[in-house]
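Everything below concerns the one structure shown next.
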Amino acid sequence: MVIRIIGTGSSLPQQVVTNDGLAEAVDTSDEWIFSRTGIRERHLVKEETTASMSVEAAERALINAGIGAEEVDLIIVATITGDYLTPSTACEVQAGLGARRAVAFDINAACSGFLFALHTAYAYLETGVYRTALVLGAETLSKIMDWEDRSTCVLFGDGAGAAVVRAFNGETRIRDDGSQWLEEKGKGGLLAFEQGSDGARGKVLSCKGRENNNLLVRNPFTPSYVKMDGQEVYKFAVSTVPASIQRVLEKAGMEAGDMKYFVLHQANIRIIQSVAKRLKADEGKFPVSLDHCGNVSAASVPILLDEINKKGMLERGDKIVMAGFGGGLTWASAVLEW
Ligand code: ACO
């Protein structure tokens, strides 16, 4: 069984807010934000919603894969910012696409969410339960930011990314453009996963849900926002991510030097540079989207994957690492042969 990503797509809100634009409303500057994070601008929603961006990203991924919505068996959306508590964003995507056969649900693993969702889809596909999955990371983080808190609100952006994942069992598939997916049994695709969680450290990056509120205890609804101990998150990221990548490379029987790209969660350029240094890998192998997207949590890995796919930077047989890390705390890595 070979399990491949056969299509990618993404969707960003129309409105772009630069650091200078942000500085008109928040006590900050382009110099402070860019020098500490690498972020220049981010997309923020106006009319868009988590579901609308997800549907658009999913439609684009299906077109890129050359398959129809009726072929999708499973939809998993990783998000912490769905439009509703229920229905899930995945159910909204199912409805938006008309993917009537699909089973749909969300998962919450914050910035590691896309990798957790991909691994979950892999498990379903690998055991033969389903054949084709749509895996998304989608966030409207701007709605859970405290716009009075300059230490967090400057870091994040909104957007969605999607990947079509399919299990092949030695068959040949003809694509719309006439080219063929030639499959060999047991070669390529998703090769190894590594995941972890550390709930004991969860409060360093949190956003509270609703308080108990019933006949016995009164807590009228008040919105809550993201709170972060930036330096603790930084320390967590620069120690955990290289170790996770080393473990997943070992599982795949490969080395950092075998990888063409490291597609990392886009939190901060300093984290990416530190991971590159610890892995003794060339920084040029770490594509970046945070300069124009900011940190889009679960959406950042699939958006970046779509960007490098659309630029033609991926060729069949290229090996890449994808890695996510963040709230929970959680982390996850995967090795993929394109
Ligand atoms: N503009 C201007 N000044 C600011 C801003 C801002 N947006 N935010 C904070 N400051 C000020 C602070 O008030 C403080 O001023 P003071 O010294 O007068 O008190 C000063 O800048 C330094 O603040 P620190 O919080 O110590 O800044 P630090 O150098 O640690 O950088 C940062 C903060 C960039 C968040 C850093 O801690 C970091 O990279 N952390 C990693 C966490 C991260 O990337 N999180 C993203 C989300 S989590 C995830 O995706 C996994």
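Residues in the structure tokens are numbered from 1 in each chain, the chains being A, B, ... in the order shown, and ligands are numbered from 1 in the order shown.
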Enumerate the residues of range 114-224 of chain A with a DSSP assignment of strand (DSSP E), computed from the backbone, and present them as a VMD selection string. chain A and resid 132 to 140 158 to 168 172 to 174 180 to 182 189 to 197 205 to 206
Could you list, as a PDB file with C-alpha atoms, in the first residue's frame, all residues that come within 9 Å of ligand 1? Count only C-alpha atoms and all ligand atoms.
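Result saved to result-v7.pdb:
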ATOM      1  CA  ALA A  23       1.099  49.848  13.810  1.00  0.00           C
ATOM      2  CA  VAL A  26      -1.526  48.722  17.839  1.00  0.00           C
ATOM      3  CA  ASP A  27       1.484  50.100  19.747  1.00  0.00           C
ATOM      4  CA  THR A  28       4.087  48.267  17.644  1.00  0.00           C
ATOM      5  CA  SER A  29       6.348  48.709  14.611  1.00  0.00           C
ATOM      6  CA  ASP A  30       7.488  46.885  11.491  1.00  0.00           C
ATOM      7  CA  GLU A  31      11.011  46.910  12.913  1.00  0.00           C
ATOM      8  CA  TRP A  32       9.961  45.163  16.175  1.00  0.00           C
ATOM      9  CA  ILE A  33       7.784  42.554  14.480  1.00  0.00           C
ATOM     10  CA  SER A  35      13.298  41.584  13.503  1.00  0.00           C
ATOM     11  CA  ARG A  36      11.845  39.222  16.136  1.00  0.00           C
ATOM     12  CA  THR A  37       9.586  37.050  13.985  1.00  0.00           C
ATOM     13  CA  ALA A 110      -3.454  23.602  17.580  1.00  0.00           C
ATOM     14  CA  CYS A 111      -0.400  24.262  15.407  1.00  0.00           C
ATOM     15  CA  SER A 112       0.355  20.510  15.102  1.00  0.00           C
ATOM     16  CA  ASP A 149      -2.245  42.652  23.582  1.00  0.00           C
ATOM     17  CA  ARG A 150       0.598  43.568  21.228  1.00  0.00           C
ATOM     18  CA  SER A 151       2.688  40.585  22.355  1.00  0.00           C
ATOM     19  CA  THR A 152       0.282  38.143  20.652  1.00  0.00           C
ATOM     20  CA  CYS A 153      -1.954  39.913  18.116  1.00  0.00           C
ATOM     21  CA  VAL A 154       0.936  40.824  15.788  1.00  0.00           C
ATOM     22  CA  LEU A 155       1.975  37.178  15.339  1.00  0.00           C
ATOM     23  CA  PHE A 156      -1.035  35.493  13.811  1.00  0.00           C
ATOM     24  CA  LEU A 205      -0.176  28.755  25.188  1.00  0.00           C
ATOM     25  CA  MET A 228       1.087  32.998  25.508  1.00  0.00           C
ATOM     26  CA  ASP A 229       4.357  32.815  27.387  1.00  0.00           C
ATOM     27  CA  GLY A 230       6.437  33.522  24.268  1.00  0.00           C
ATOM     28  CA  GLN A 231       9.798  32.630  25.735  1.00  0.00           C
ATOM     29  CA  GLU A 232       8.588  29.263  27.085  1.00  0.00           C
ATOM     30  CA  VAL A 233       7.013  28.450  23.709  1.00  0.00           C
ATOM     31  CA  TYR A 234      10.284  29.364  22.024  1.00  0.00           C
ATOM     32  CA  LYS A 235      12.299  27.074  24.322  1.00  0.00           C
ATOM     33  CA  PHE A 236       9.804  24.244  23.779  1.00  0.00           C
ATOM     34  CA  ALA A 237       9.953  24.623  20.002  1.00  0.00           C
ATOM     35  CA  HIS A 265       5.006  25.154  11.089  1.00  0.00           C
ATOM     36  CA  GLN A 266       5.496  28.876  10.512  1.00  0.00           C
ATOM     37  CA  ALA A 267       5.637  30.426  13.990  1.00  0.00           C
ATOM     38  CA  ASN A 268       8.815  32.443  13.942  1.00  0.00           C
ATOM     39  CA  ILE A 269      11.844  32.689  11.628  1.00  0.00           C
ATOM     40  CA  ARG A 270      14.181  32.366  14.606  1.00  0.00           C
ATOM     41  CA  ILE A 271      12.660  28.993  15.486  1.00  0.00           C
ATOM     42  CA  ASN A 295       1.433  32.235  12.041  1.00  0.00           C
ATOM     43  CA  VAL A 296      -1.709  30.463  10.783  1.00  0.00           C
ATOM     44  CA  SER A 297      -1.523  27.624  13.348  1.00  0.00           C
ATOM     45  CA  ALA A 298      -2.927  24.375  11.882  1.00  0.00           C
ATOM     46  CA  GLY A 324       4.152  21.010  13.426  1.00  0.00           C
ATOM     47  CA  PHE A 325       4.384  22.170  17.047  1.00  0.00           C
ATOM     48  CA  GLY A 326       2.293  24.270  19.353  1.00  0.00           C
ATOM     49  CA  GLY A 327      -0.629  24.424  21.749  1.00  0.00           C
ATOM     50  CA  LEU A 329       1.554  21.265  24.002  1.00  0.00           C
ATOM     51  CA  THR A 330       1.760  19.064  20.921  1.00  0.00           C
TER      52      THR A 330
END
Report as a tab-separated table: every residue of range 192-246 of chain A with an atom at most 10 Å from range 251-260 of chain A, its closest pair of atoms, and their distance in Å to one decimal, counting only C-alpha atoms, with rows sorted by chain and ascending residue number.
residue	atom	partner	partner_atom	distance
A:Ala192	CA	A:Ala252	CA	5.4
A:Phe193	CA	A:Lys251	CA	7.8
A:Glu194	CA	A:Lys251	CA	8.4
A:Ile245	CA	A:Ala256	CA	8.5
A:Gln246	CA	A:Ala256	CA	7.8
Can those selected residues be exported to a file as a short mmCIF file (atom, residue, chain, number, x, y, z; two decimals), in the first residue's frame so that it contains all heavy atoms?
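Output file selection_0.cif follows:
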data_model
loop_
_atom_site.label_atom_id
_atom_site.label_comp_id
_atom_site.auth_asym_id
_atom_site.auth_seq_id
_atom_site.Cartn_x
_atom_site.Cartn_y
_atom_site.Cartn_z
N ALA A 192 6.81 7.83 7.26
CA ALA A 192 6.93 7.69 8.72
C ALA A 192 6.32 8.89 9.43
O ALA A 192 6.31 10.01 8.89
CB ALA A 192 8.41 7.57 9.11
N PHE A 193 5.80 8.62 10.63
CA PHE A 193 5.22 9.67 11.48
C PHE A 193 5.82 9.61 12.88
O PHE A 193 6.22 8.55 13.34
CB PHE A 193 3.70 9.48 11.62
CG PHE A 193 2.92 9.85 10.42
CD1 PHE A 193 2.58 8.90 9.48
CD2 PHE A 193 2.50 11.16 10.23
CE1 PHE A 193 1.84 9.24 8.36
CE2 PHE A 193 1.76 11.51 9.11
CZ PHE A 193 1.42 10.54 8.18
N GLU A 194 5.79 10.75 13.55
CA GLU A 194 6.22 10.84 14.94
C GLU A 194 5.36 11.91 15.59
O GLU A 194 5.17 12.98 15.00
CB GLU A 194 7.69 11.25 14.98
CG GLU A 194 8.45 10.87 16.22
CD GLU A 194 8.25 11.84 17.38
OE1 GLU A 194 8.02 13.05 17.15
OE2 GLU A 194 8.33 11.38 18.52
N ILE A 245 12.09 15.60 14.63
CA ILE A 245 12.50 15.35 13.23
C ILE A 245 13.55 14.25 13.18
O ILE A 245 13.50 13.37 12.32
CB ILE A 245 12.99 16.67 12.59
CG1 ILE A 245 11.81 17.64 12.40
CG2 ILE A 245 13.67 16.40 11.24
CD1 ILE A 245 12.18 19.01 11.87
N GLN A 246 14.48 14.27 14.13
CA GLN A 246 15.50 13.20 14.16
C GLN A 246 14.83 11.84 14.32
O GLN A 246 15.19 10.87 13.64
CB GLN A 246 16.49 13.41 15.33
CG GLN A 246 17.43 14.59 15.16
CD GLN A 246 18.48 14.36 14.06
OE1 GLN A 246 18.38 13.41 13.28
NE2 GLN A 246 19.45 15.25 13.97
#
For Leu44 in chain A, which of A:Leu190, A:Leu134, A:Val93, A:Cys293 is the closest residue, counting only C-alpha atoms?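 Of A:Leu190, A:Leu134, A:Val93, A:Cys293, the one nearest Leu44 in chain A is A:Cys293, counting only C-alpha atoms.
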With only C-alpha atoms as the counted atoms, please give the residues lying no more than 12 Å from Glu211 in chain A, apart from itself and same-chain residues fewer than 6 positions off, as a PyMOL selection string. chain A and resi 217-224
Just to be explicit: take each residue in the selection above, keep all heavy atoms, and write the result as an mmCIF file, in the first residue's frame.
data_model
loop_
_atom_site.group_PDB
_atom_site.id
_atom_site.type_symbol
_atom_site.label_atom_id
_atom_site.label_comp_id
_atom_site.auth_asym_id
_atom_site.auth_seq_id
_atom_site.Cartn_x
_atom_site.Cartn_y
_atom_site.Cartn_z
ATOM 1 N N VAL A 217 -24.535 27.433 38.929
ATOM 2 C CA VAL A 217 -23.421 28.376 38.946
ATOM 3 C C VAL A 217 -23.588 29.340 37.779
ATOM 4 O O VAL A 217 -23.871 28.938 36.659
ATOM 5 C CB VAL A 217 -22.058 27.624 38.884
ATOM 6 C CG1 VAL A 217 -21.978 26.669 37.708
ATOM 7 C CG2 VAL A 217 -20.885 28.583 38.847
ATOM 8 N N ARG A 218 -23.434 30.633 38.084
ATOM 9 C CA ARG A 218 -23.649 31.636 37.043
ATOM 10 C C ARG A 218 -22.309 32.208 36.587
ATOM 11 O O ARG A 218 -21.539 32.717 37.393
ATOM 12 C CB ARG A 218 -24.525 32.794 37.559
ATOM 13 C CG ARG A 218 -25.901 32.395 38.045
ATOM 14 C CD ARG A 218 -26.713 31.652 37.022
ATOM 15 N NE ARG A 218 -27.131 32.477 35.899
ATOM 16 C CZ ARG A 218 -27.721 32.004 34.802
ATOM 17 N NH1 ARG A 218 -27.938 30.709 34.662
ATOM 18 N NH2 ARG A 218 -28.090 32.821 33.846
ATOM 19 N N ASN A 219 -22.005 32.064 35.329
ATOM 20 C CA ASN A 219 -20.838 32.701 34.716
ATOM 21 C C ASN A 219 -21.247 33.191 33.343
ATOM 22 O O ASN A 219 -21.038 32.485 32.350
ATOM 23 C CB ASN A 219 -19.679 31.695 34.566
ATOM 24 C CG ASN A 219 -18.896 31.504 35.835
ATOM 25 O OD1 ASN A 219 -18.434 32.471 36.441
ATOM 26 N ND2 ASN A 219 -18.774 30.270 36.253
ATOM 27 N N PRO A 220 -21.870 34.367 33.286
ATOM 28 C CA PRO A 220 -22.309 34.858 31.981
ATOM 29 C C PRO A 220 -21.147 34.831 30.987
ATOM 30 O O PRO A 220 -19.996 35.068 31.363
ATOM 31 C CB PRO A 220 -22.750 36.297 32.253
ATOM 32 C CG PRO A 220 -22.938 36.370 33.723
ATOM 33 C CD PRO A 220 -22.061 35.343 34.354
ATOM 34 N N PHE A 221 -21.469 34.561 29.737
ATOM 35 C CA PHE A 221 -20.432 34.384 28.721
ATOM 36 C C PHE A 221 -19.592 35.642 28.523
ATOM 37 O O PHE A 221 -20.128 36.727 28.304
ATOM 38 C CB PHE A 221 -21.088 33.990 27.386
ATOM 39 C CG PHE A 221 -20.099 33.895 26.265
ATOM 40 C CD1 PHE A 221 -19.171 32.864 26.244
ATOM 41 C CD2 PHE A 221 -20.078 34.832 25.253
ATOM 42 C CE1 PHE A 221 -18.240 32.766 25.221
ATOM 43 C CE2 PHE A 221 -19.147 34.746 24.223
ATOM 44 C CZ PHE A 221 -18.232 33.714 24.216
ATOM 45 N N THR A 222 -18.302 35.475 28.681
ATOM 46 C CA THR A 222 -17.383 36.562 28.296
ATOM 47 C C THR A 222 -16.334 35.957 27.372
ATOM 48 O O THR A 222 -15.821 34.871 27.655
ATOM 49 C CB THR A 222 -16.654 37.174 29.512
ATOM 50 O OG1 THR A 222 -16.131 36.112 30.310
ATOM 51 C CG2 THR A 222 -17.541 38.060 30.344
ATOM 52 N N PRO A 223 -16.022 36.613 26.266
ATOM 53 C CA PRO A 223 -15.062 36.024 25.340
ATOM 54 C C PRO A 223 -13.671 35.949 25.957
ATOM 55 O O PRO A 223 -13.312 36.786 26.791
ATOM 56 C CB PRO A 223 -15.083 36.985 24.145
ATOM 57 C CG PRO A 223 -15.673 38.242 24.644
ATOM 58 C CD PRO A 223 -16.525 37.921 25.826
ATOM 59 N N SER A 224 -12.912 34.925 25.575
ATOM 60 C CA SER A 224 -11.537 34.830 26.066
ATOM 61 C C SER A 224 -10.597 34.782 24.862
ATOM 62 O O SER A 224 -11.018 34.420 23.757
ATOM 63 C CB SER A 224 -11.359 33.602 26.944
ATOM 64 O OG SER A 224 -11.783 32.468 26.246
#
Selected residue, from A:Ile75, A:Ala109, A:Leu22, A:Ala299, that lies nearest to Thr50 in chain A when counting only C-alpha atoms: A:Ala299
Given the choices A:Leu191, A:Leu62, A:Val301, A:Ile39, which gets closest to Asn19 in chain A if the distance is worked out from only C-alpha atoms? A:Ile39
In terms of the shortest atom-to-atom distance over only C-alpha atoms, which of A:Ile303, A:Val241, A:Ala102, A:Ile308 is closest to Lys277 in chain A?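 Answer, going by the shortest atom-to-atom distance: A:Val241.
Nearest-residue note for Gln195 in chain A: choosing from A:Tyr84, A:Trp338, A:Phe116, A:Phe168, the minimum distance belongs to A:Phe116, counting only C-alpha atoms.
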DSSP-assigned alpha helix (DSSP H) members of range 20-91 of chain A, reported as an MDAnalysis selection string: chainID A and resid 20:23 30:37 50:65 89:91
Please identify all polymer residues within 8 Å of Ala162 in chain A, counting only C-alpha atoms, omitting same-chain residues fewer than 5 positions from it, and present them as a ChimeraX atom specification. /A:8-10,54,57-58,61,134-137,302-303,306
Pick from A:Leu74, A:Ala25, A:Ala104, A:Val321 nearest to Ala281 in chain A, counting only C-alpha atoms: A:Val321
Between CA of Gly188 in chain A and CA of Glu59 in chain A, distance in Å (one decimal): 25.2 Å
So the first atom is CA of Thr49 in chain A and the second is CA of Ala334 in chain A; what is the distance between them in Å, to one decimal place?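 Distance between the two atoms: 28.7 Å.
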